[in-house]
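See below for work.cif, which holds mmCIF, C-alpha atoms.
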```cif
data_target
#
loop_
_atom_site.group_PDB
_atom_site.id
_atom_site.type_symbol
_atom_site.label_atom_id
_atom_site.label_comp_id
_atom_site.auth_asym_id
_atom_site.auth_seq_id
_atom_site.Cartn_x
_atom_site.Cartn_y
_atom_site.Cartn_z
ATOM 1 C CA GLY A 1246 -65.403 71.312 44.778
ATOM 2 C CA PRO A 1247 -61.972 72.396 45.969
ATOM 3 C CA GLN A 1248 -59.240 72.328 43.346
ATOM 4 C CA MET A 1249 -57.007 69.949 45.367
ATOM 5 C CA GLY A 1250 -59.878 67.929 46.828
ATOM 6 C CA ILE A 1251 -61.135 67.969 50.371
ATOM 7 C CA PHE A 1252 -57.823 66.861 51.905
ATOM 8 C CA GLY A 1253 -55.533 68.429 49.303
ATOM 9 C CA ASN A 1254 -54.042 70.965 51.684
ATOM 10 C CA PHE A 1255 -53.909 68.709 54.750
ATOM 11 C CA PRO A 1256 -50.455 69.267 56.287
ATOM 12 C CA ASN A 1257 -49.463 65.672 57.102
ATOM 13 C CA ARG A 1258 -50.698 62.812 54.950
ATOM 14 C CA ASP A 1259 -48.342 60.200 56.448
ATOM 15 C CA PHE A 1260 -50.966 58.515 58.633
ATOM 16 C CA THR A 1261 -50.547 55.235 60.472
ATOM 17 C CA ASN A 1262 -52.861 52.560 59.112
ATOM 18 C CA ALA A 1263 -54.673 51.572 62.306
ATOM 19 C CA HIS A 1264 -56.761 48.828 60.714
ATOM 20 C CA GLY A 1265 -54.134 46.601 59.159
ATOM 21 C CA ILE A 1266 -50.640 46.118 57.872
ATOM 22 C CA PHE A 1267 -48.813 44.681 54.892
ATOM 23 C CA GLY A 1268 -45.285 43.491 55.491
ATOM 24 C CA GLN A 1269 -42.863 40.766 56.461
ATOM 25 C CA VAL A 1270 -43.052 38.571 59.561
ATOM 26 C CA LEU A 1271 -39.999 39.216 61.739
ATOM 27 C CA LYS A 1272 -40.838 37.090 64.765
ATOM 28 C CA ILE A 1273 -43.586 34.856 66.130
ATOM 29 C CA ASP A 1274 -43.897 34.564 69.901
ATOM 30 C CA GLY A 1275 -46.909 32.703 71.247
ATOM 31 C CA ASN A 1276 -49.965 34.385 69.753
ATOM 32 C CA GLU A 1277 -48.085 37.568 68.769
ATOM 33 C CA ILE A 1278 -46.492 38.326 65.411
ATOM 34 C CA MET A 1279 -43.984 41.148 64.888
ATOM 35 C CA VAL A 1280 -44.422 42.535 61.358
ATOM 36 C CA LYS A 1281 -42.156 45.016 59.581
ATOM 37 C CA GLY A 1282 -44.462 47.157 57.462
ATOM 38 C CA GLN A 1283 -43.811 48.984 54.216
ATOM 39 C CA ASP A 1284 -42.934 52.078 56.231
ATOM 40 C CA ASN A 1285 -40.150 50.074 57.983
ATOM 41 C CA LEU A 1286 -41.995 50.376 61.298
ATOM 42 C CA GLU A 1287 -42.464 47.260 63.380
ATOM 43 C CA THR A 1288 -46.003 46.485 64.517
ATOM 44 C CA MET A 1289 -47.114 43.836 66.978
ATOM 45 C CA VAL A 1290 -50.111 41.802 65.813
ATOM 46 C CA VAL A 1291 -52.161 39.711 68.226
ATOM 47 C CA VAL A 1292 -53.695 36.518 66.835
ATOM 48 C CA LEU A 1293 -57.031 35.753 68.497
ATOM 49 C CA ALA A 1294 -58.971 32.483 68.590
ATOM 50 C CA SER A 1295 -61.390 34.095 66.117
ATOM 51 C CA THR A 1296 -58.666 35.173 63.642
ATOM 52 C CA THR A 1297 -59.052 33.668 60.167
ATOM 53 C CA MET A 1298 -55.727 32.676 58.594
ATOM 54 C CA ALA A 1299 -55.149 31.551 55.017
ATOM 55 C CA ASN A 1300 -52.481 31.207 52.383
ATOM 56 C CA ASN A 1301 -52.966 31.038 48.639
ATOM 57 C CA SER A 1302 -54.882 27.772 48.695
ATOM 58 C CA ALA A 1303 -56.120 26.854 52.170
ATOM 59 C CA LYS A 1304 -56.754 27.828 55.753
ATOM 60 C CA ILE A 1305 -53.649 27.671 57.914
ATOM 61 C CA THR A 1306 -52.709 27.970 61.580
ATOM 62 C CA LEU A 1307 -50.196 30.173 63.330
ATOM 63 C CA GLN A 1308 -47.820 27.200 63.452
ATOM 64 C CA ASP A 1309 -47.749 27.176 59.631
ATOM 65 C CA MET A 1310 -46.313 30.702 59.526
ATOM 66 C CA GLN A 1311 -42.627 31.531 59.795
ATOM 67 C CA PRO A 1312 -40.342 34.556 59.869
ATOM 68 C CA GLY A 1313 -39.827 35.907 56.367
ATOM 69 C CA ASP A 1314 -43.419 35.299 55.264
ATOM 70 C CA ASN A 1315 -45.101 38.258 53.588
ATOM 71 C CA VAL A 1316 -48.527 38.914 55.070
ATOM 72 C CA VAL A 1317 -51.571 41.121 54.765
ATOM 73 C CA ILE A 1318 -53.302 41.587 58.097
ATOM 74 C CA VAL A 1319 -56.665 43.227 58.749
ATOM 75 C CA GLY A 1320 -57.809 43.989 62.269
ATOM 76 C CA SER A 1321 -58.503 46.603 64.894
ATOM 77 C CA PRO A 1322 -56.110 48.460 67.173
ATOM 78 C CA ASN A 1323 -56.266 47.686 70.883
ATOM 79 C CA GLU A 1324 -55.559 50.018 73.792
ATOM 80 C CA THR A 1325 -51.805 49.291 73.686
ATOM 81 C CA GLY A 1326 -51.380 50.025 69.965
ATOM 82 C CA GLN A 1327 -51.223 46.421 68.820
ATOM 83 C CA ILE A 1328 -53.394 45.185 65.965
ATOM 84 C CA GLU A 1329 -55.857 42.471 66.962
ATOM 85 C CA ALA A 1330 -56.069 40.439 63.773
ATOM 86 C CA THR A 1331 -59.371 39.545 62.173
ATOM 87 C CA LEU A 1332 -57.810 38.170 58.969
ATOM 88 C CA ILE A 1333 -54.250 37.136 58.132
ATOM 89 C CA ARG A 1334 -53.355 36.247 54.566
ATOM 90 C CA VAL A 1335 -49.907 34.790 53.854
ATOM 91 C CA LEU A 1336 -48.808 35.780 50.369
ATOM 92 C CA PRO A 1337 -46.948 33.444 48.038
ATOM 93 C CA ALA A 1338 -43.158 33.837 47.924
ATOM 94 C CA ASP A 1339 -41.774 35.743 44.944
#
```

As structure tokens, please, write out the structure in this file.
Amino acid sequence: GPQMGIFGNFPNRDFTNAHGIFGQVLKIDGNEIMVKGQDNLETMVVVLASTTMANNSAKITLQDMQPGDNVVIVGSPNETGQIEATLIRVLPAD
């Protein structure tokens, strides 16, 4: 195979992760969560009725979350660039 792998010479490897985000909750407004990702970009996440939410020990609701929580969110992008969440996991505080 190629010495640097298939994508070794690809000019821009700084891709947006369109299927999820890891970061800190900045704001919760209705069923939308603004998350500041590791790349310091803010991403709007839409919580659907079908979204599964959990913390370290149990299922939770959107009302249990608060700004400052660290989250891992998995979902799919919609037509406006928001992530429609399938799974939200609130991580334990440091």

Do you have, as JSON lines, the list of residues of region 1272-1304 of chain A lying at most 9 Å from region 1326-1332 of chain A, each with its nearest atom pair and that distance in Å to one decimal, counting only C-alpha atoms and ordered by chain then number?
```
{"residue": "A:Thr1288", "atom": "CA", "partner": "A:Gln1327", "partner_atom": "CA", "distance": 6.8}
{"residue": "A:Met1289", "atom": "CA", "partner": "A:Gln1327", "partner_atom": "CA", "distance": 5.2}
{"residue": "A:Val1290", "atom": "CA", "partner": "A:Ile1328", "partner_atom": "CA", "distance": 4.7}
{"residue": "A:Val1291", "atom": "CA", "partner": "A:Glu1329", "partner_atom": "CA", "distance": 4.8}
{"residue": "A:Val1292", "atom": "CA", "partner": "A:Ala1330", "partner_atom": "CA", "distance": 5.5}
{"residue": "A:Leu1293", "atom": "CA", "partner": "A:Ala1330", "partner_atom": "CA", "distance": 6.7}
{"residue": "A:Ser1295", "atom": "CA", "partner": "A:Thr1331", "partner_atom": "CA", "distance": 7.0}
{"residue": "A:Thr1296", "atom": "CA", "partner": "A:Thr1331", "partner_atom": "CA", "distance": 4.7}
{"residue": "A:Thr1297", "atom": "CA", "partner": "A:Leu1332", "partner_atom": "CA", "distance": 4.8}
{"residue": "A:Met1298", "atom": "CA", "partner": "A:Leu1332", "partner_atom": "CA", "distance": 5.9}
{"residue": "A:Ala1299", "atom": "CA", "partner": "A:Leu1332", "partner_atom": "CA", "distance": 8.2}
```

Problem - Hits of the PyMOL selection byres ((chain A and resi 1275-1283) around 10) in this structure, as a PyMOL selection string - result: chain A and resi 1265-1274+1284-1294+1307-1308+1310-1318+1327-1330

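CA of Pro1337 (chain A) sits 9.8 Å away from CA of Ser1302 (chain A).
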
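CA of Ile1333 (chain A) sits 6.6 Å away from CA of Val1319 (chain A).
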
Exercise for the section: Go through the shown structure with the PyMOL selection byres ((chain A and resi 1300) around 7) and write out the matching residues as a PyMOL selection string. Expected result: chain A and resi 1299+1301-1305+1334-1336

Fill-in result for region 1267-1280 of chain A, N, CA and C atoms as a short mmCIF file (atom, residue, chain, number, x, y, z; two decimals), keeping the file's coordinate frame:
```cif
data_model
loop_
_atom_site.label_atom_id
_atom_site.label_comp_id
_atom_site.auth_asym_id
_atom_site.auth_seq_id
_atom_site.Cartn_x
_atom_site.Cartn_y
_atom_site.Cartn_z
N PHE A 1267 -49.40 45.55 55.91
CA PHE A 1267 -48.81 44.68 54.89
C PHE A 1267 -47.32 44.68 55.15
N GLY A 1268 -46.72 43.51 55.25
CA GLY A 1268 -45.28 43.49 55.49
C GLY A 1268 -44.75 42.09 55.67
N GLN A 1269 -43.58 42.03 56.29
CA GLN A 1269 -42.86 40.77 56.46
C GLN A 1269 -42.84 40.37 57.93
N VAL A 1270 -43.10 39.10 58.20
CA VAL A 1270 -43.05 38.57 59.56
C VAL A 1270 -41.60 38.56 60.02
N LEU A 1271 -41.34 39.22 61.15
CA LEU A 1271 -40.00 39.22 61.74
C LEU A 1271 -39.86 38.15 62.81
N LYS A 1272 -40.92 38.00 63.62
CA LYS A 1272 -40.84 37.09 64.76
C LYS A 1272 -42.24 36.64 65.15
N ILE A 1273 -42.34 35.39 65.60
CA ILE A 1273 -43.59 34.86 66.13
C ILE A 1273 -43.31 34.39 67.55
N ASP A 1274 -44.09 34.91 68.49
CA ASP A 1274 -43.90 34.56 69.90
C ASP A 1274 -45.27 34.31 70.52
N GLY A 1275 -45.59 33.05 70.72
CA GLY A 1275 -46.91 32.70 71.25
C GLY A 1275 -47.98 33.08 70.25
N ASN A 1276 -48.91 33.95 70.67
CA ASN A 1276 -49.96 34.38 69.75
C ASN A 1276 -49.70 35.80 69.22
N GLU A 1277 -48.44 36.24 69.26
CA GLU A 1277 -48.08 37.57 68.77
C GLU A 1277 -47.11 37.45 67.60
N ILE A 1278 -47.34 38.29 66.61
CA ILE A 1278 -46.49 38.33 65.41
C ILE A 1278 -45.93 39.73 65.28
N MET A 1279 -44.61 39.86 65.16
CA MET A 1279 -43.98 41.15 64.89
C MET A 1279 -43.84 41.27 63.37
N VAL A 1280 -44.43 42.33 62.81
CA VAL A 1280 -44.42 42.54 61.36
C VAL A 1280 -43.73 43.85 61.04
#
```
